[in-house]
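Engineer: Contents of run-v3.cif (mmCIF, C-alpha atoms) are given next:
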```cif
data_work
loop_
_atom_site.label_atom_id
_atom_site.label_comp_id
_atom_site.auth_asym_id
_atom_site.auth_seq_id
_atom_site.Cartn_x
_atom_site.Cartn_y
_atom_site.Cartn_z
CA MET J 1 -8.12 -47.42 -37.31
CA ASN J 2 -6.36 -50.52 -35.95
CA LEU J 3 -3.83 -49.43 -33.32
CA GLU J 4 -2.14 -52.85 -33.49
CA ASP J 5 -1.61 -52.92 -37.24
CA GLN J 6 1.63 -54.87 -37.59
CA GLU J 7 1.99 -54.57 -41.37
CA LEU J 8 3.11 -50.93 -41.13
CA ILE J 9 2.22 -50.39 -44.78
CA LEU J 10 1.93 -46.73 -45.76
CA GLY J 11 -0.86 -45.46 -47.97
CA ALA J 12 -1.86 -41.98 -49.11
CA GLN J 13 -4.68 -42.05 -46.58
CA ASP J 14 -2.06 -42.19 -43.81
CA TYR J 15 -0.12 -39.10 -44.83
CA SER J 16 -1.77 -36.68 -42.41
CA LEU J 17 -0.75 -38.81 -39.41
CA LEU J 18 2.77 -39.23 -40.76
CA THR J 19 3.96 -36.41 -38.56
CA ASP J 20 5.74 -35.87 -35.27
CA LEU J 21 3.61 -35.65 -32.16
CA TYR J 22 4.76 -32.15 -31.35
CA GLN J 23 3.24 -30.84 -34.57
CA LEU J 24 -0.18 -31.90 -33.28
CA THR J 25 0.38 -30.74 -29.71
CA MET J 26 1.48 -27.34 -30.99
CA ALA J 27 -1.57 -27.15 -33.24
CA ALA J 28 -3.75 -27.87 -30.22
CA CYS J 29 -1.97 -25.15 -28.27
CA TYR J 30 -2.31 -22.67 -31.13
CA THR J 31 -6.04 -23.44 -31.17
CA GLY J 32 -6.49 -22.96 -27.46
CA GLU J 33 -4.58 -19.67 -27.55
CA GLY J 34 -6.53 -18.37 -30.52
CA LEU J 35 -3.49 -18.30 -32.82
CA PHE J 36 -4.31 -21.17 -35.15
CA ALA J 37 -5.64 -19.03 -38.02
CA ARG J 38 -2.90 -16.39 -37.94
CA PRO J 39 -1.03 -16.18 -41.28
CA ALA J 40 2.41 -17.73 -40.94
CA SER J 41 5.43 -18.35 -43.15
CA PHE J 42 7.87 -21.22 -42.72
CA GLU J 43 10.98 -21.80 -44.85
CA LEU J 44 12.79 -25.08 -45.50
CA PHE J 45 16.57 -24.79 -45.91
CA VAL J 46 19.89 -26.27 -44.82
CA ARG J 47 22.19 -24.41 -42.47
CA GLN J 48 25.28 -26.18 -43.80
CA LEU J 49 25.97 -28.44 -46.75
CA PRO J 50 27.01 -32.00 -45.96
CA LYS J 51 30.78 -32.28 -45.60
CA GLY J 52 32.45 -32.72 -48.97
CA PHE J 53 29.52 -31.27 -50.93
CA GLY J 54 29.83 -27.99 -52.82
CA TYR J 55 26.16 -27.78 -53.70
CA LEU J 56 22.82 -29.55 -53.38
CA ILE J 57 20.25 -30.43 -56.05
CA ALA J 58 16.72 -29.60 -54.88
CA MET J 59 14.34 -32.53 -55.24
CA GLY J 60 11.12 -33.91 -53.76
CA LEU J 61 8.79 -30.99 -54.51
CA ALA J 62 6.35 -33.07 -56.56
CA GLN J 63 5.67 -35.44 -53.66
CA ALA J 64 5.47 -32.53 -51.21
CA LEU J 65 2.76 -30.85 -53.27
CA GLU J 66 0.86 -34.11 -53.71
CA TYR J 67 0.86 -34.52 -49.93
CA LEU J 68 -0.40 -30.99 -49.34
CA GLU J 69 -3.23 -31.44 -51.83
CA LYS J 70 -4.38 -34.63 -50.10
CA PHE J 71 -3.90 -33.37 -46.55
CA HIS J 72 -6.92 -34.54 -44.53
CA PHE J 73 -7.71 -36.30 -41.26
CA SER J 74 -10.25 -39.11 -41.44
CA GLU J 75 -12.74 -39.91 -38.70
CA SER J 76 -10.89 -43.11 -37.79
CA GLN J 77 -7.61 -41.22 -37.51
CA LEU J 78 -9.13 -38.70 -35.14
CA GLU J 79 -10.62 -41.49 -33.06
CA ALA J 80 -7.19 -43.13 -32.86
CA LEU J 81 -5.64 -39.87 -31.70
CA GLN J 82 -8.31 -39.43 -29.03
CA THR J 83 -7.76 -42.98 -27.81
CA THR J 84 -4.15 -42.17 -26.92
CA GLY J 85 -5.34 -39.87 -24.14
CA ILE J 86 -2.58 -37.38 -24.97
CA PHE J 87 -5.06 -34.75 -26.08
CA ALA J 88 -7.50 -35.06 -23.19
CA GLU J 89 -7.09 -31.39 -22.29
CA ALA J 90 -7.05 -30.10 -25.85
CA PRO J 91 -9.82 -27.64 -26.75
CA GLU J 92 -12.84 -29.06 -28.56
CA GLN J 93 -12.20 -26.71 -31.45
CA PHE J 94 -8.94 -28.56 -32.13
CA TRP J 95 -10.88 -31.66 -33.14
CA SER J 96 -13.28 -29.81 -35.40
CA LEU J 97 -10.32 -28.02 -36.96
CA LEU J 98 -8.68 -31.34 -37.86
CA ALA J 99 -11.94 -32.91 -39.01
CA GLU J 100 -12.81 -30.10 -41.38
CA GLY J 101 -9.35 -28.84 -42.25
CA ARG J 102 -7.52 -28.96 -45.57
CA PHE J 103 -4.31 -27.28 -46.60
CA THR J 104 -5.31 -23.88 -47.93
CA GLY J 105 -1.94 -22.15 -48.14
CA ASP J 106 0.49 -21.01 -50.81
CA VAL J 107 3.85 -22.61 -51.56
CA TRP J 108 6.89 -21.00 -53.15
CA ALA J 109 9.75 -23.28 -54.22
CA VAL J 110 12.85 -23.54 -56.37
CA PRO J 111 12.26 -25.87 -59.33
CA GLU J 112 13.40 -29.44 -58.88
CA GLY J 113 16.85 -30.00 -60.34
CA THR J 114 18.14 -26.58 -59.26
CA ALA J 115 21.54 -26.26 -57.57
CA ILE J 116 21.09 -24.72 -54.12
CA PHE J 117 23.36 -23.64 -51.28
CA ALA J 118 23.31 -23.21 -47.49
CA SER J 119 20.76 -20.77 -46.02
CA GLU J 120 18.76 -20.65 -49.25
CA PRO J 121 15.09 -21.72 -48.93
CA LEU J 122 14.19 -24.72 -51.05
CA LEU J 123 10.58 -23.82 -50.37
CA ARG J 124 8.38 -21.50 -48.33
CA VAL J 125 4.93 -22.27 -46.96
CA ASP J 126 2.52 -19.36 -46.42
CA ALA J 127 -0.54 -20.71 -44.61
CA PRO J 128 -2.64 -20.52 -41.45
CA LEU J 129 -0.29 -21.27 -38.55
CA TRP J 130 -1.72 -24.68 -37.61
CA GLN J 131 -1.52 -25.94 -41.19
CA ALA J 132 1.98 -24.68 -41.83
CA GLN J 133 3.10 -26.32 -38.58
CA ILE J 134 1.63 -29.78 -39.03
CA VAL J 135 3.04 -30.32 -42.53
CA GLU J 136 6.66 -29.80 -41.43
CA THR J 137 7.59 -33.44 -40.85
CA TYR J 138 6.42 -34.81 -44.18
CA LEU J 139 7.94 -31.95 -46.17
CA LEU J 140 11.32 -32.45 -44.52
CA ASN J 141 11.13 -36.20 -45.03
CA THR J 142 10.57 -36.15 -48.79
CA ILE J 143 12.72 -33.12 -49.61
CA ASN J 144 15.70 -34.03 -47.40
CA TYR J 145 15.92 -37.58 -48.73
CA GLN J 146 15.27 -36.90 -52.38
CA THR J 147 17.67 -33.95 -52.31
CA LEU J 148 20.37 -36.23 -50.87
CA VAL J 149 19.89 -38.86 -53.59
CA ALA J 150 19.58 -36.27 -56.35
CA THR J 151 22.79 -34.57 -55.29
CA ARG J 152 24.71 -37.85 -55.23
CA ALA J 153 23.25 -38.79 -58.62
CA ALA J 154 24.18 -35.43 -60.14
CA ARG J 155 27.75 -35.76 -58.84
CA MET J 156 28.00 -39.28 -60.25
CA ARG J 157 26.74 -38.15 -63.64
CA ASP J 158 29.10 -35.19 -63.60
CA VAL J 159 32.10 -37.44 -62.94
CA ALA J 160 31.06 -40.32 -65.23
CA GLY J 161 30.33 -38.00 -68.17
CA PRO J 162 27.32 -37.84 -70.48
CA GLU J 163 28.06 -41.03 -72.41
CA ALA J 164 28.23 -43.48 -69.49
CA ARG J 165 25.12 -45.49 -68.73
CA LEU J 166 24.18 -45.12 -65.05
CA LEU J 167 21.70 -47.51 -63.45
CA GLU J 168 20.08 -47.09 -60.02
CA PHE J 169 20.42 -50.35 -58.05
CA GLY J 170 19.68 -49.04 -54.55
CA THR J 171 16.34 -50.60 -53.60
CA ARG J 172 17.79 -53.25 -51.29
CA ARG J 173 19.83 -50.61 -49.43
CA ALA J 174 17.30 -47.79 -49.30
CA PHE J 175 15.88 -46.96 -45.88
CA SER J 176 12.36 -48.24 -46.65
CA PRO J 177 10.16 -49.41 -49.54
CA GLN J 178 8.81 -45.86 -49.82
CA GLY J 179 12.35 -44.51 -49.70
CA ALA J 180 13.37 -46.90 -52.48
CA ILE J 181 10.76 -45.47 -54.82
CA TRP J 182 11.69 -41.89 -53.93
CA ALA J 183 15.37 -42.74 -54.43
CA ALA J 184 14.72 -44.15 -57.88
CA ARG J 185 12.76 -41.05 -58.86
CA ALA J 186 15.37 -38.62 -57.51
CA ALA J 187 18.23 -40.51 -59.14
CA ILE J 188 16.64 -40.49 -62.59
CA ALA J 189 15.54 -36.86 -62.26
CA ALA J 190 19.12 -35.90 -61.43
CA GLY J 191 20.79 -37.70 -64.30
CA LEU J 192 20.72 -41.49 -64.05
CA ASP J 193 19.34 -43.46 -66.99
CA SER J 194 17.09 -46.01 -65.31
CA THR J 195 16.34 -48.06 -62.20
CA SER J 196 16.22 -51.75 -61.38
CA ASN J 197 13.18 -51.12 -59.14
CA VAL J 198 10.32 -52.50 -61.23
CA LEU J 199 7.53 -50.73 -59.34
CA ALA J 200 9.35 -47.39 -59.39
CA ALA J 201 10.16 -47.69 -63.07
CA LEU J 202 6.59 -48.47 -64.08
CA LYS J 203 5.19 -45.71 -61.86
CA LEU J 204 7.62 -43.30 -63.49
CA GLY J 205 6.76 -44.44 -67.01
CA ARG J 206 10.20 -45.97 -67.52
CA LYS J 207 11.51 -49.38 -68.49
CA PRO J 208 13.32 -51.11 -65.61
CA SER J 209 16.95 -52.13 -66.16
CA GLY J 210 19.07 -54.90 -64.72
CA THR J 211 21.31 -57.84 -65.44
CA MET J 212 21.40 -61.20 -63.69
CA ALA J 213 22.33 -62.60 -60.28
CA HIS J 214 25.07 -64.90 -59.05
CA ALA J 215 22.36 -67.27 -57.82
CA LEU J 216 21.23 -68.06 -61.37
CA VAL J 217 24.79 -68.94 -62.38
CA MET J 218 25.35 -71.12 -59.32
CA ALA J 219 21.99 -72.88 -59.55
CA ILE J 220 22.18 -73.76 -63.25
CA ALA J 221 25.89 -74.55 -63.07
CA ALA J 222 25.25 -76.94 -60.19
CA ILE J 223 22.45 -78.74 -61.99
CA GLU J 224 23.53 -78.60 -65.64
CA GLY J 225 27.28 -78.58 -65.18
CA SER J 226 28.83 -75.22 -66.01
CA GLU J 227 28.75 -71.46 -65.82
CA GLN J 228 28.44 -71.36 -69.60
CA ASP J 229 25.23 -73.38 -69.38
CA ALA J 230 23.85 -70.62 -67.17
CA PHE J 231 24.82 -67.99 -69.72
CA SER J 232 23.15 -69.97 -72.49
CA ALA J 233 19.99 -70.35 -70.46
CA PHE J 234 19.81 -66.67 -69.63
CA TYR J 235 20.44 -65.58 -73.23
CA ARG J 236 17.74 -67.97 -74.41
CA TYR J 237 15.17 -65.68 -72.79
CA PHE J 238 17.03 -62.35 -72.55
CA PRO J 239 19.36 -62.15 -75.56
CA ASN J 240 20.18 -58.45 -75.11
CA ALA J 241 21.02 -58.55 -71.41
CA ALA J 242 24.44 -58.26 -69.77
CA LEU J 243 26.00 -61.42 -68.36
CA LEU J 244 27.40 -61.43 -64.82
CA ILE J 245 30.79 -63.05 -65.33
CA ASP J 246 32.52 -62.84 -61.93
CA THR J 247 30.80 -65.66 -60.04
CA TYR J 248 33.88 -67.88 -60.29
CA ASP J 249 36.79 -66.71 -62.48
CA THR J 250 36.11 -63.53 -64.42
CA ILE J 251 38.80 -63.87 -67.05
CA ALA J 252 38.18 -67.57 -67.58
CA ALA J 253 34.49 -66.84 -68.13
CA ALA J 254 35.32 -64.13 -70.66
CA GLU J 255 37.79 -66.39 -72.51
CA ARG J 256 35.18 -69.14 -72.84
CA LEU J 257 32.69 -66.58 -74.17
CA VAL J 258 35.24 -65.55 -76.80
CA GLN J 259 35.59 -69.17 -77.92
CA ARG J 260 31.82 -69.54 -78.11
CA GLU J 261 31.49 -66.32 -80.11
CA LYS J 262 34.04 -67.60 -82.62
CA ALA J 263 32.07 -70.85 -82.86
CA GLY J 264 28.87 -68.90 -83.50
CA GLU J 265 27.20 -70.21 -80.35
CA ILE J 266 26.59 -66.86 -78.65
CA ASP J 267 26.75 -63.15 -79.32
CA VAL J 268 27.73 -61.31 -76.15
CA CYS J 269 25.99 -57.92 -75.88
CA GLY J 270 27.35 -56.95 -72.49
CA VAL J 271 28.98 -58.15 -69.30
CA ARG J 272 28.88 -57.00 -65.71
CA LEU J 273 31.76 -56.98 -63.25
CA ASP J 274 30.73 -56.90 -59.60
CA SER J 275 33.98 -57.57 -57.73
CA GLY J 276 37.75 -57.68 -57.94
CA ASP J 277 40.20 -55.20 -59.44
CA LEU J 278 37.81 -53.43 -61.77
CA VAL J 279 40.57 -51.56 -63.59
CA THR J 280 42.58 -54.64 -64.54
CA LEU J 281 39.58 -56.86 -65.11
CA SER J 282 37.78 -54.36 -67.33
CA GLN J 283 40.92 -53.80 -69.43
CA LYS J 284 41.38 -57.53 -69.93
CA VAL J 285 37.71 -58.13 -70.70
CA ARG J 286 37.77 -55.29 -73.24
CA SER J 287 40.70 -56.92 -75.02
CA LEU J 288 38.81 -60.20 -75.12
CA LEU J 289 35.31 -58.86 -75.89
CA PRO J 290 35.88 -55.53 -77.66
CA ASN J 291 32.26 -55.20 -78.80
CA ALA J 292 30.59 -55.97 -75.47
CA THR J 293 29.31 -53.23 -73.20
CA ILE J 294 31.06 -53.46 -69.83
CA PHE J 295 29.11 -52.59 -66.69
CA ALA J 296 30.61 -52.32 -63.21
CA SER J 297 28.91 -52.49 -59.83
CA GLY J 298 29.75 -53.10 -56.19
CA ASP J 299 29.56 -50.19 -53.70
CA LEU J 300 30.49 -47.60 -56.31
CA ASP J 301 30.15 -43.85 -55.84
CA GLU J 302 31.40 -40.68 -57.52
CA TYR J 303 34.82 -41.00 -55.88
CA GLU J 304 35.29 -44.56 -57.10
CA ILE J 305 34.06 -43.70 -60.60
CA ALA J 306 36.62 -40.89 -60.73
CA ARG J 307 39.39 -43.26 -59.61
CA LEU J 308 38.42 -45.92 -62.14
CA LYS J 309 38.43 -43.42 -64.99
CA GLN J 310 41.74 -41.90 -63.90
CA GLU J 311 43.39 -45.33 -63.80
CA GLY J 312 42.17 -46.26 -67.27
CA ALA J 313 39.33 -48.66 -66.55
CA CYS J 314 37.35 -49.76 -69.62
CA ILE J 315 33.85 -49.32 -68.26
CA ASP J 316 30.78 -48.16 -70.21
CA GLY J 317 28.24 -48.07 -67.42
CA TYR J 318 27.82 -48.32 -63.67
CA GLY J 319 25.29 -49.92 -61.35
CA LEU J 320 24.90 -47.57 -58.37
CA GLY J 321 23.27 -48.66 -55.15
CA THR J 322 24.30 -48.39 -51.51
CA ARG J 323 26.33 -45.20 -51.70
CA LEU J 324 23.72 -43.51 -53.87
CA VAL J 325 20.72 -44.07 -51.62
CA THR J 326 22.49 -43.78 -48.24
CA GLY J 327 25.21 -41.55 -46.87
CA LYS J 328 25.65 -38.18 -45.24
CA PRO J 329 22.19 -36.75 -44.57
CA VAL J 330 20.86 -33.50 -45.90
CA ASN J 331 19.92 -31.79 -42.64
CA GLY J 332 17.16 -29.56 -43.93
CA VAL J 333 15.26 -27.58 -41.30
CA TYR J 334 11.87 -25.85 -41.37
CA LYS J 335 11.63 -22.63 -39.44
CA LEU J 336 9.03 -19.96 -38.75
CA VAL J 337 10.16 -16.71 -40.38
CA GLU J 338 7.01 -14.59 -40.10
CA ILE J 339 3.76 -14.62 -38.11
CA ASP J 340 0.92 -12.21 -38.79
CA GLY J 341 3.30 -9.91 -40.64
CA ILE J 342 5.87 -9.91 -37.82
CA ALA J 343 9.35 -11.19 -38.72
CA THR J 344 10.74 -13.93 -36.48
CA MET J 345 14.10 -15.66 -36.20
CA LYS J 346 15.97 -18.18 -34.11
CA GLN J 347 18.99 -16.68 -32.36
CA THR J 348 20.64 -19.73 -30.78
CA ILE J 349 24.40 -19.93 -31.33
CA ASN J 350 25.21 -21.96 -34.48
CA LYS J 351 21.50 -22.29 -35.27
CA ALA J 352 20.49 -18.72 -35.96
CA THR J 353 18.12 -18.11 -38.88
CA TYR J 354 17.31 -15.11 -41.05
CA PRO J 355 13.92 -13.49 -40.44
CA GLY J 356 11.17 -12.63 -42.90
CA ARG J 357 9.88 -14.16 -46.12
CA LYS J 358 12.76 -14.40 -48.56
CA GLN J 359 13.69 -14.74 -52.20
CA ILE J 360 16.88 -15.99 -53.84
CA TYR J 361 18.16 -13.80 -56.65
CA ARG J 362 20.59 -15.62 -58.93
CA GLN J 363 22.98 -14.03 -61.41
CA ILE J 364 24.26 -16.14 -64.29
CA VAL J 365 26.57 -14.55 -66.86
CA GLU J 366 27.62 -16.36 -70.04
CA GLY J 367 26.37 -19.66 -68.66
CA LYS J 368 28.21 -19.43 -65.33
CA LEU J 369 26.77 -18.79 -61.87
CA ILE J 370 28.30 -15.56 -60.58
CA LYS J 371 26.42 -15.00 -57.33
CA ASP J 372 23.32 -15.72 -55.29
CA ARG J 373 21.75 -12.97 -53.19
CA LEU J 374 19.41 -13.84 -50.34
CA ALA J 375 16.90 -11.03 -50.00
CA LEU J 376 13.45 -10.32 -48.67
CA ALA J 377 10.60 -11.41 -50.91
CA SER J 378 9.49 -7.78 -51.16
CA GLU J 379 12.79 -6.69 -52.73
CA VAL J 380 13.18 -6.34 -56.49
CA PRO J 381 15.94 -8.07 -58.45
CA LEU J 382 19.03 -6.16 -59.46
CA GLU J 383 20.19 -6.04 -63.04
CA SER J 384 20.71 -9.51 -64.54
CA GLU J 385 19.32 -11.27 -61.44
CA GLN J 386 16.57 -13.88 -61.67
CA PRO J 387 14.35 -15.04 -58.77
CA LEU J 388 14.60 -18.75 -57.97
CA LEU J 389 11.58 -19.23 -55.72
CA GLN J 390 8.42 -19.57 -57.79
CA VAL J 391 4.82 -19.88 -56.63
CA VAL J 392 3.81 -23.51 -57.20
CA MET J 393 0.63 -23.74 -55.09
CA LYS J 394 -2.15 -21.24 -54.42
CA GLN J 395 -4.81 -21.78 -51.77
CA GLY J 396 -3.96 -25.46 -51.54
CA GLN J 397 -4.07 -26.18 -55.27
CA ARG J 398 -1.13 -26.85 -57.56
CA ILE J 399 -0.74 -24.25 -60.28
CA GLN J 400 0.87 -26.62 -62.78
CA PRO J 401 0.84 -30.42 -63.20
CA PRO J 402 3.96 -32.32 -62.10
CA GLU J 403 6.95 -31.80 -64.38
CA PRO J 404 8.15 -34.70 -66.56
CA LEU J 405 11.32 -36.31 -65.27
CA ASN J 406 13.10 -35.52 -68.53
CA GLU J 407 12.62 -31.79 -67.94
CA ILE J 408 13.93 -32.03 -64.38
CA GLN J 409 16.88 -34.10 -65.61
CA GLN J 410 17.73 -31.44 -68.19
CA ARG J 411 17.47 -28.70 -65.57
CA THR J 412 19.81 -30.63 -63.27
CA ALA J 413 22.44 -30.99 -65.97
CA ALA J 414 22.13 -27.34 -66.96
CA SER J 415 22.28 -26.17 -63.34
CA VAL J 416 25.40 -28.21 -62.55
CA ALA J 417 27.03 -26.89 -65.73
CA THR J 418 26.72 -23.32 -64.42
CA LEU J 419 28.81 -24.13 -61.34
CA SER J 420 32.51 -23.43 -61.09
CA THR J 421 35.06 -26.23 -61.18
CA SER J 422 35.92 -25.58 -57.55
CA THR J 423 32.28 -26.03 -56.53
CA ARG J 424 31.88 -29.24 -58.55
CA GLN J 425 35.13 -30.91 -57.50
CA LEU J 426 34.85 -33.95 -55.26
CA HIS J 427 37.66 -33.15 -52.84
CA ASP J 428 37.46 -29.99 -50.72
CA PRO J 429 34.88 -28.24 -52.89
CA THR J 430 34.30 -24.52 -52.45
CA SER J 431 30.62 -23.72 -52.06
CA LEU J 432 29.24 -20.50 -53.48
CA PRO J 433 29.11 -17.80 -50.76
CA VAL J 434 25.55 -16.49 -50.58
CA GLN J 435 25.31 -12.70 -50.29
CA ILE J 436 22.84 -11.20 -47.82
CA SER J 437 20.97 -8.13 -49.01
CA ASP J 438 21.29 -4.90 -47.05
CA THR J 439 17.55 -4.91 -46.36
CA LEU J 440 17.63 -8.46 -44.97
CA HIS J 441 20.67 -7.59 -42.87
CA GLN J 442 18.85 -4.60 -41.41
CA LEU J 443 15.75 -6.67 -40.66
CA THR J 444 17.94 -9.28 -38.95
CA GLN J 445 19.47 -6.67 -36.67
CA ALA J 446 16.08 -5.10 -35.88
CA THR J 447 14.54 -8.50 -35.11
CA GLN J 448 17.42 -9.43 -32.83
CA GLN J 449 16.97 -6.24 -30.89
CA ARG J 450 13.20 -6.67 -30.66
CA GLN J 451 13.43 -10.27 -29.48
CA GLY J 452 16.11 -9.33 -26.97
#
```
Please express what this file holds, its structure, as structure tokens.
Structural biologist:
Amino acid sequence: MNLEDQELILGAQDYSLLTDLYQLTMAACYTGEGLFARPASFELFVRQLPKGFGYLIAMGLAQALEYLEKFHFSESQLEALQTTGIFAEAPEQFWSLLAEGRFTGDVWAVPEGTAIFASEPLLRVDAPLWQAQIVETYLLNTINYQTLVATRAARMRDVAGPEARLLEFGTRRAFSPQGAIWAARAAIAAGLDSTSNVLAALKLGRKPSGTMAHALVMAIAAIEGSEQDAFSAFYRYFPNAALLIDTYDTIAAAERLVQREKAGEIDVCGVRLDSGDLVTLSQKVRSLLPNATIFASGDLDEYEIARLKQEGACIDGYGLGTRLVTGKPVNGVYKLVEIDGIATMKQTINKATYPGRKQIYRQIVEGKLIKDRLALASEVPLESEQPLLQVVMKQGQRIQPPEPLNEIQQRTAASVATLSTSTRQLHDPTSLPVQISDTLHQLTQATQQRQG
């Protein structure tokens, strides 16, 4: 393995090393202390929802399971680790453990597209201690980020309504090329129609969507004489695409297109507005081009979509980028809750956790979410409760193939529809209070006393 590889390109073969150093140092310590094979349970959850969010949409499980199935250290990776000198005092068994090891544990998770709240596990890993520890970083990376994007996408769809066409335009603002692909997947799974990311679309079995750029208008206009020449050139090859009409004067461009339609020179399918007063411009463009689909873009989010609709904008679809794929992070954490059958918990002020392996029991009555009860996994559901955490991996092997995006998208829409208006609202939402079972409460008190 080249330690001076400057390309920094990530491949599946790199996944095992895509971890924080302390995961490996702890695994070495577990090995030296004879703890590495002890059965352990870790749960991934958020302590608090991001400010302004009433719920989260769980996402990223498919990539998490793919990672766990492929978990493996190659000979060159181990040599690279040894070259660092950090592990000079590590026991020899640590190296053989990594060389021969695979993920052999079980995973329980809520289905992707499920609305989730603070303190509720999105997933639980039951595995030998060293394995459950090392996989923490990657699991948090994919689930935190995809859950963020999925939640924003679900909120945007909820505000825009089912008829609006929502396009994911976030690749150039996503935090990395890998993040861009994950963002496209999460956005579509949570309710958006398509993505402009060609690689992501093709990997996901979708057709990419997009319009045109200001550069095309400026280049052709400069050489051939006018903005309308650029429109003609673009329609020559892409007759069903939307024209970007705000490079110079939006209304003037629309008025010229009307004249050309009357003359039979062009048939405008759609236009895109990327700047200016989108309410006024869209209303004027609608009056001029009543049959054209109007798209809007330009740092839009669920709050801006709500404002545009409230003020009477005539917009049929939205291109969503920066504010979809960036923003307030989902601060998911991954904590040990049980080791060798012994419940554990963190007791630090403001960061305390609940001990023991848990289950979420959800009660939905007449299509509306009434309550969530956080209980121990050993507890049985009460009347009309349904468990959310499902076993998705046994002994390192997925139980079912990855779900189609359409199914996850439908689950997202159905899950959001069960939430109250106060939980779905954009301003000062009220999150669902999660009830703690009596048994879990008793275990929490007993564990606190035992740990001192």
Engineer: Taking (17.9, -42.4, -56.7) in the file's own coordinates, collect the residues within 6 Å, counting all atoms listed in the file, and hand them back as a compact mmCIF listing (two decimals) with C-alpha atoms, in the frame of the given file.
Structural biologist:
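The result, stored in result.txt:
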```txt
# COMPACT_ATOMS: atom_id res chain seq x y z
CA VAL J 149 19.89 -38.86 -53.59
CA ALA J 183 15.37 -42.74 -54.43
CA ALA J 184 14.72 -44.15 -57.88
CA ARG J 185 12.76 -41.05 -58.86
CA ALA J 186 15.37 -38.62 -57.51
CA ALA J 187 18.23 -40.51 -59.14
```
Engineer: What separation in Å, quoted to one decimal, exists between CA of Arg157 (chain J) and CA of Asn144 (chain J)?
Structural biologist: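 Spanning CA of Arg157 (chain J) to CA of Asn144 (chain J) is a straight-line distance of 20.1 Å.
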Engineer: Determine, counting all atoms listed in the file, which protein, DNA and RNA residues have an atom within 7 Å of an atom of region 141-143 of chain J; residues of the same chain fewer than 2 positions away are not included. Present the result as a PDB file with C-alpha atoms, in the frame of the given file.
Structural biologist:
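The resulting selection22.pdb:
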```
ATOM      1  CA  MET J  59      14.340 -32.530 -55.240  1.00  0.00           C
ATOM      2  CA  GLY J  60      11.120 -33.910 -53.760  1.00  0.00           C
ATOM      3  CA  LEU J  61       8.790 -30.990 -54.510  1.00  0.00           C
ATOM      4  CA  GLN J  63       5.670 -35.440 -53.660  1.00  0.00           C
ATOM      5  CA  ALA J  64       5.470 -32.530 -51.210  1.00  0.00           C
ATOM      6  CA  THR J 137       7.590 -33.440 -40.850  1.00  0.00           C
ATOM      7  CA  TYR J 138       6.420 -34.810 -44.180  1.00  0.00           C
ATOM      8  CA  LEU J 139       7.940 -31.950 -46.170  1.00  0.00           C
ATOM      9  CA  TYR J 145      15.920 -37.580 -48.730  1.00  0.00           C
ATOM     10  CA  GLN J 146      15.270 -36.900 -52.380  1.00  0.00           C
ATOM     11  CA  THR J 147      17.670 -33.950 -52.310  1.00  0.00           C
TER      12      THR J 147
END
```
Engineer: If the PyMOL selection byres ((chain J and resi 404) around 12) were run on this exact file, what residues would it hold? Put them as an MDAnalysis selection string.
Structural biologist: chainID J and resid 62 112:113 185 188:189 204:206 400:403 405:411
Engineer: Could you save those same residues with C-alpha atoms as a PDB file, in the coordinates of the input?
Structural biologist:
```pdb
ATOM      1  CA  ALA J  62       6.350 -33.070 -56.560  1.00  0.00           C
ATOM      2  CA  GLU J 112      13.400 -29.440 -58.880  1.00  0.00           C
ATOM      3  CA  GLY J 113      16.850 -30.000 -60.340  1.00  0.00           C
ATOM      4  CA  ARG J 185      12.760 -41.050 -58.860  1.00  0.00           C
ATOM      5  CA  ILE J 188      16.640 -40.490 -62.590  1.00  0.00           C
ATOM      6  CA  ALA J 189      15.540 -36.860 -62.260  1.00  0.00           C
ATOM      7  CA  LEU J 204       7.620 -43.300 -63.490  1.00  0.00           C
ATOM      8  CA  GLY J 205       6.760 -44.440 -67.010  1.00  0.00           C
ATOM      9  CA  ARG J 206      10.200 -45.970 -67.520  1.00  0.00           C
ATOM     10  CA  GLN J 400       0.870 -26.620 -62.780  1.00  0.00           C
ATOM     11  CA  PRO J 401       0.840 -30.420 -63.200  1.00  0.00           C
ATOM     12  CA  PRO J 402       3.960 -32.320 -62.100  1.00  0.00           C
ATOM     13  CA  GLU J 403       6.950 -31.800 -64.380  1.00  0.00           C
ATOM     14  CA  LEU J 405      11.320 -36.310 -65.270  1.00  0.00           C
ATOM     15  CA  ASN J 406      13.100 -35.520 -68.530  1.00  0.00           C
ATOM     16  CA  GLU J 407      12.620 -31.790 -67.940  1.00  0.00           C
ATOM     17  CA  ILE J 408      13.930 -32.030 -64.380  1.00  0.00           C
ATOM     18  CA  GLN J 409      16.880 -34.100 -65.610  1.00  0.00           C
ATOM     19  CA  GLN J 410      17.730 -31.440 -68.190  1.00  0.00           C
ATOM     20  CA  ARG J 411      17.470 -28.700 -65.570  1.00  0.00           C
TER      21      ARG J 411
END
```
Engineer: Hey, what comes out of the PyMOL selection byres ((chain J and resi 326-330) around 9) on this file? Could you write it as a PyMOL selection string?
Structural biologist: chain J and resi 46+48-51+56+143-145+147-149+170+173-175+321-325+331-332
Engineer: Go ahead and compute the interatomic distance for CA of Ala28 (chain J) and CA of Phe87 (chain J), in Å to one decimal.
Structural biologist: 8.1 Å
Engineer: Where does the PyMOL selection byres ((chain J and resi 32) around 12) land in this file, that is, which residues does it pick, as a ChimeraX atom specification?
Structural biologist: /J:25-31,33-37,87,89-95,97,130
Engineer: To one decimal place in Å, what is the distance between CA of Asp301 (chain J) and CA of Arg155 (chain J)?
Structural biologist: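 Those two atoms sit 9.0 Å apart.
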